[in-house]
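Step one of this worksheet: look at the structure below.
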Amino acid sequence: MSCRNPGTQFYQEHISKVRVNAEAVLERAKQIQGQMNLKKHWQTAWLLKAITCIDLTTLAGDDTTSNVRRLCLKAIQPVRYDLLKKIDMHDKGITTAAVCVYPSRVADAVVLLKSATNSLPVASVATGFPAGQTPMEARLQEVRMAVADGATEIDVVINRTLALTGKWEAMYDELRQFREACGEAHMKTILAVGELGTFTNVYKASMVAMMAGSDFIKTSTGKEAVNATYAVAIVMARAIRNYYMCTGHKVGFKPAGGIRTAQESLIWLSLIKEELGNDWLSPHLFRLGASSLLSDIERQVYHNVTGQYAAYNELPMA
Ligand SMILES: O=C[C@H](O)COP(=O)(O)O
C-alpha cells in the first residue's frame, strides 16, 4: 500500500456547509455506465488489472478453515495458468490484492499463505461488522485480535447511529481510536452508504473517515439492502479528491457489495480513472471488495483467450 494517511484534526468546516447536487451526481453516474466499449485485447488487459485490485472475500456464517484455504489458493492463482500462458502473462505474478475474512478466520488465512510462501495481505473486517452495534471496547478488542492474528488490513464499520444523528465529531473520535488499535495495519473504513440516507451524508462520512486517518474508504459491507452504486462512488471519489487537495494525502477507495460481473469491474475501473486519475488505478489505492466477482472475470478471460465459453468443469476453482 502507499504511504499512510495520518489524518488531521476534526475540521467542522470541511463538512458543515456541504450540499451534494443529487441530480448532477446521478447524471454523471449514467454517463460513466454508458461509455464502456473496449476491444477484446484491451478488455483482457483491463480484466487482469481488475483482478489485481480484488479483495477476494468470504464473510459467511459457515466459513471454515477449508473454505478460507481454498479462497487463499484462488487468490494466489486467480486465473488458470494455461490461459495466462497463452497471453504471455503467466510469469507476471498476477494475484488478487488481498483476501478478506472475519476475524476468527484470519489465522487460517495467514497460516495457508505462509505455507505457500506468499505475502498476500490478509484483511479482516472488525468493529462489530456488519452493523457496528456492539460496545466500543468489544469493537476495539476485535481490531486488536485481528491484528495480533496477522491481519495487515482492517475493514472497520462506522457507527451509523452517530452519522444519522449528525454527531460527526463523535464518529471521528471513534475512528481515531480504531486507527490507533490498528497500529501498523491499514484501516479501511466502511461507510455502509445504503444506510446513510443522503449523498450529503455520504460525503460528510467520507470526509470524517479521512480526517480520522483512514487509509481507504469503502462503500459497504455487502450486507445492506443497497451496496456499492456508481452514484455513491462519485460522491466518495469527489471527497477523496478534495481531501487530497487540502492535505496532499491520497486515500484509497473500495467499492464493495453486490459486484458480480466482469462488465461491472470494467465500469468501476473507468469510473476511478475518470474521477481520480491513473494514480488510483492500482491496488495501493483501489480495491474491489467482492465474494463472487472473480469467477465471472475468469470466464470472460477464458472466452477472450480461447474464443469459447467455458463449461463449468473447465474452471473448477471459480
Ligand atoms: O467487503 C466485501 C463485501 O462483503 C463483499 O460483498 P459481496 O459478497 O456482495 O461480494
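Labels used: A, B, ... for chains in the order of the C-alpha cells, numbers from 1 for residues in each chain, and numbers from 1 for ligands as shown.
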
If you count only C-alpha atoms, which residues fall within 12 Å of Asp62 of chain A, apart from same-chain ones fewer than 3 positions away, as a ChimeraX atom specification?
-> /A:58-59,65-68,101-102,104-105

Please write out the residues within 9 Å of ligand 1 as a VMD selection string, counting only C-alpha atoms and all ligand atoms.
-> chain A and resid 55 to 60 100 to 101 125 130 155 190 218 to 223 227 to 228 254 to 260 288 to 293

Per DSSP on the backbone, what are the alpha helix (DSSP H) residues of segment 191-285 of chain A, as number ranges by chain?
-> A: 199-211, 230-247, 262-276

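Across A:Cys246, A:Ala237, A:Val111, A:Ala212, the tightest approach to Ala170 of chain A is made by A:Ala212 when counting only C-alpha atoms.
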
Just the strand (DSSP E or B) stuff from segment 56-216 of chain A, please, per backbone DSSP, written as JSON, numbers by chain.
-> {"A": [56, 57, 98, 99, 100, 101, 122, 123, 124, 125, 126, 153, 154, 155, 156, 157, 186, 187, 188, 189, 190, 216]}

Write out the residues from the selection above, keeping C-alpha atoms, as a PDB file, in the first residue's frame.
```pdb
ATOM      1  CA  LEU A  56     -11.214 -11.715  -2.509  1.00  0.00           C
ATOM      2  CA  THR A  57     -13.762 -12.084   0.230  1.00  0.00           C
ATOM      3  CA  ALA A  98      -5.761  -9.368  -0.679  1.00  0.00           C
ATOM      4  CA  VAL A  99      -8.079 -11.855   0.925  1.00  0.00           C
ATOM      5  CA  CYS A 100     -10.754 -10.572   3.293  1.00  0.00           C
ATOM      6  CA  VAL A 101     -12.274 -12.669   6.074  1.00  0.00           C
ATOM      7  CA  VAL A 122      -4.913 -10.639   4.875  1.00  0.00           C
ATOM      8  CA  ALA A 123      -7.694  -8.162   5.560  1.00  0.00           C
ATOM      9  CA  SER A 124     -10.137  -8.651   8.389  1.00  0.00           C
ATOM     10  CA  VAL A 125     -13.463  -6.979   8.930  1.00  0.00           C
ATOM     11  CA  ALA A 126     -13.918  -5.802  12.505  1.00  0.00           C
ATOM     12  CA  GLU A 153      -5.591  -4.510   6.809  1.00  0.00           C
ATOM     13  CA  ILE A 154      -8.647  -3.909   8.947  1.00  0.00           C
ATOM     14  CA  ASP A 155     -12.017  -3.069   7.421  1.00  0.00           C
ATOM     15  CA  VAL A 156     -13.864  -1.213  10.191  1.00  0.00           C
ATOM     16  CA  VAL A 157     -17.522  -0.195  10.053  1.00  0.00           C
ATOM     17  CA  HIS A 186      -4.031  -0.188   7.324  1.00  0.00           C
ATOM     18  CA  MET A 187      -7.510   0.975   8.157  1.00  0.00           C
ATOM     19  CA  LYS A 188     -10.262   0.695   5.545  1.00  0.00           C
ATOM     20  CA  THR A 189     -13.406   2.404   6.739  1.00  0.00           C
ATOM     21  CA  ILE A 190     -16.784   1.067   5.626  1.00  0.00           C
ATOM     22  CA  PHE A 216      -9.196   3.620   2.405  1.00  0.00           C
TER      23      PHE A 216
END
```

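Considering only C-alpha atoms, the residue among A:Ala209, A:Leu164, A:Val305, A:Val202 positioned nearest to Phe178 of chain A is A:Ala209.
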
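Among the candidate residues A:Thr52, A:Glu275, A:Ile234, A:Gly132, the one lying nearest to Leu175 of chain A is A:Gly132, with distances computed using only C-alpha atoms.
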
Separation of atom CA of Ile217 of chain A from atom CA of Val79 of chain A, in Å and rounded to one decimal = 27.6 Å

Contact residues around Ser115 of chain A with only C-alpha atoms at 12 Å, ignoring same-chain residues under 4 positions, as a list in words | Arg69, Cys72, Leu73, Asp108, Ala109, Val110, Val111, Ser119 and Leu120 of chain A

With N, CA and C atoms retained, export the selected residues as a PDB file, in the first residue's frame.
```pdb
ATOM      1  N   ARG A  69      -8.977 -21.585   3.187  1.00  0.00           N
ATOM      2  CA  ARG A  69      -7.757 -22.046   2.481  1.00  0.00           C
ATOM      3  C   ARG A  69      -7.970 -22.037   0.972  1.00  0.00           C
ATOM      4  N   CYS A  72      -7.768 -18.609  -0.332  1.00  0.00           N
ATOM      5  CA  CYS A  72      -6.377 -18.125  -0.426  1.00  0.00           C
ATOM      6  C   CYS A  72      -5.692 -18.707  -1.663  1.00  0.00           C
ATOM      7  N   LEU A  73      -5.930 -19.991  -1.913  1.00  0.00           N
ATOM      8  CA  LEU A  73      -5.299 -20.612  -3.095  1.00  0.00           C
ATOM      9  C   LEU A  73      -5.785 -19.941  -4.371  1.00  0.00           C
ATOM     10  N   ASP A 108      -6.376 -18.723   9.954  1.00  0.00           N
ATOM     11  CA  ASP A 108      -6.423 -19.743   8.884  1.00  0.00           C
ATOM     12  C   ASP A 108      -5.765 -19.218   7.609  1.00  0.00           C
ATOM     13  N   ALA A 109      -6.131 -17.982   7.249  1.00  0.00           N
ATOM     14  CA  ALA A 109      -5.592 -17.403   6.012  1.00  0.00           C
ATOM     15  C   ALA A 109      -4.091 -17.169   6.136  1.00  0.00           C
ATOM     16  N   VAL A 110      -3.680 -16.666   7.290  1.00  0.00           N
ATOM     17  CA  VAL A 110      -2.250 -16.378   7.493  1.00  0.00           C
ATOM     18  C   VAL A 110      -1.432 -17.668   7.392  1.00  0.00           C
ATOM     19  N   VAL A 111      -1.910 -18.721   8.030  1.00  0.00           N
ATOM     20  CA  VAL A 111      -1.176 -20.000   8.012  1.00  0.00           C
ATOM     21  C   VAL A 111      -1.049 -20.514   6.574  1.00  0.00           C
ATOM     22  N   SER A 119       3.071 -13.578   0.259  1.00  0.00           N
ATOM     23  CA  SER A 119       2.918 -12.453   1.188  1.00  0.00           C
ATOM     24  C   SER A 119       1.659 -11.625   0.916  1.00  0.00           C
ATOM     25  N   LEU A 120       0.680 -12.257   0.316  1.00  0.00           N
ATOM     26  CA  LEU A 120      -0.582 -11.564   0.059  1.00  0.00           C
ATOM     27  C   LEU A 120      -1.160 -11.030   1.383  1.00  0.00           C
TER      28      LEU A 120
END
```

9 Å contact set for Ala131 of chain A, only C-alpha atoms, chain neighbours under 3 positions out, as a compact mmCIF listing (two decimals) with N, CA and C atoms, in the first residue's frame:
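That gives us out.txt:
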```txt
# COMPACT_ATOMS: atom_id res chain seq x y z
N THR A 127 -14.85 -4.44 14.24
CA THR A 127 -15.70 -3.44 14.92
C THR A 127 -17.20 -3.76 14.81
N GLY A 128 -17.50 -5.03 15.03
CA GLY A 128 -18.90 -5.43 15.03
C GLY A 128 -19.52 -5.50 13.66
N THR A 134 -22.04 -2.95 18.59
CA THR A 134 -21.53 -3.61 19.80
C THR A 134 -20.77 -2.57 20.61
N VAL A 157 -16.24 -0.81 10.44
CA VAL A 157 -17.52 -0.19 10.05
C VAL A 157 -17.76 1.04 10.91
N ILE A 158 -18.34 2.06 10.30
CA ILE A 158 -18.66 3.25 11.08
C ILE A 158 -19.92 3.00 11.91
N ASN A 159 -20.09 3.84 12.89
CA ASN A 159 -21.27 3.83 13.74
C ASN A 159 -22.35 4.66 13.03
N ARG A 160 -23.29 3.96 12.40
CA ARG A 160 -24.32 4.68 11.60
C ARG A 160 -25.20 5.54 12.48
N ALA A 192 -21.06 2.02 4.88
CA ALA A 192 -22.42 1.44 4.79
C ALA A 192 -23.36 2.47 4.16
N THR A 221 -20.76 -3.00 3.41
CA THR A 221 -20.37 -4.29 3.98
C THR A 221 -20.74 -5.45 3.06
N LYS A 223 -23.78 -6.35 3.15
CA LYS A 223 -24.94 -6.90 3.88
C LYS A 223 -26.10 -5.91 3.93
```

With distances taken over only C-alpha atoms, the candidate from A:Ser295, A:Leu112, A:Gly252, A:Gln300 nearest Leu281 of chain A is A:Gly252

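Atom CA of Gly7 of chain A is positioned 25.2 Å from atom CA of Leu271 of chain A.
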
Can you pull out every residue within 12 Å of Gln9 of chain A, counting only C-alpha atoms, but drop anything in the same chain fewer than 6 positions away, and send it as a VMD selection string?
-> chain A and resid 169 172 to 173 176 207 to 213 247

Selection export as a PDB file, in the first residue's frame, atoms kept: C-alpha atoms:
```
ATOM      1  CA  GLU A 169     -17.115  14.630  15.853  1.00  0.00           C
ATOM      2  CA  TYR A 172     -14.328  10.988  14.233  1.00  0.00           C
ATOM      3  CA  ASP A 173     -13.293  10.147  17.828  1.00  0.00           C
ATOM      4  CA  ARG A 176      -9.381   7.718  15.710  1.00  0.00           C
ATOM      5  CA  MET A 207     -14.557  13.387   4.969  1.00  0.00           C
ATOM      6  CA  VAL A 208     -14.796  12.446   8.641  1.00  0.00           C
ATOM      7  CA  ALA A 209     -13.334   8.996   7.933  1.00  0.00           C
ATOM      8  CA  MET A 210     -10.397  10.540   6.088  1.00  0.00           C
ATOM      9  CA  MET A 211      -9.781  13.201   8.737  1.00  0.00           C
ATOM     10  CA  ALA A 212      -9.673  10.345  11.269  1.00  0.00           C
ATOM     11  CA  GLY A 213      -6.834   8.701   9.327  1.00  0.00           C
ATOM     12  CA  THR A 247      -3.892  17.733   2.713  1.00  0.00           C
TER      13      THR A 247
END
```

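Restricting the calculation to only C-alpha atoms, the smallest distance between Trp268 of chain A and any of A:Val20, A:Val251, A:Ile54, A:Ala148 is found for A:Ile54.
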
Using only C-alpha atoms, determine which residues lie at most 9 Å from Thr200 of chain A, disregarding the query and same-chain residues fewer than 6 positions distant; provide the list as an MDAnalysis selection string.
-> chainID A and resid 18:22 235
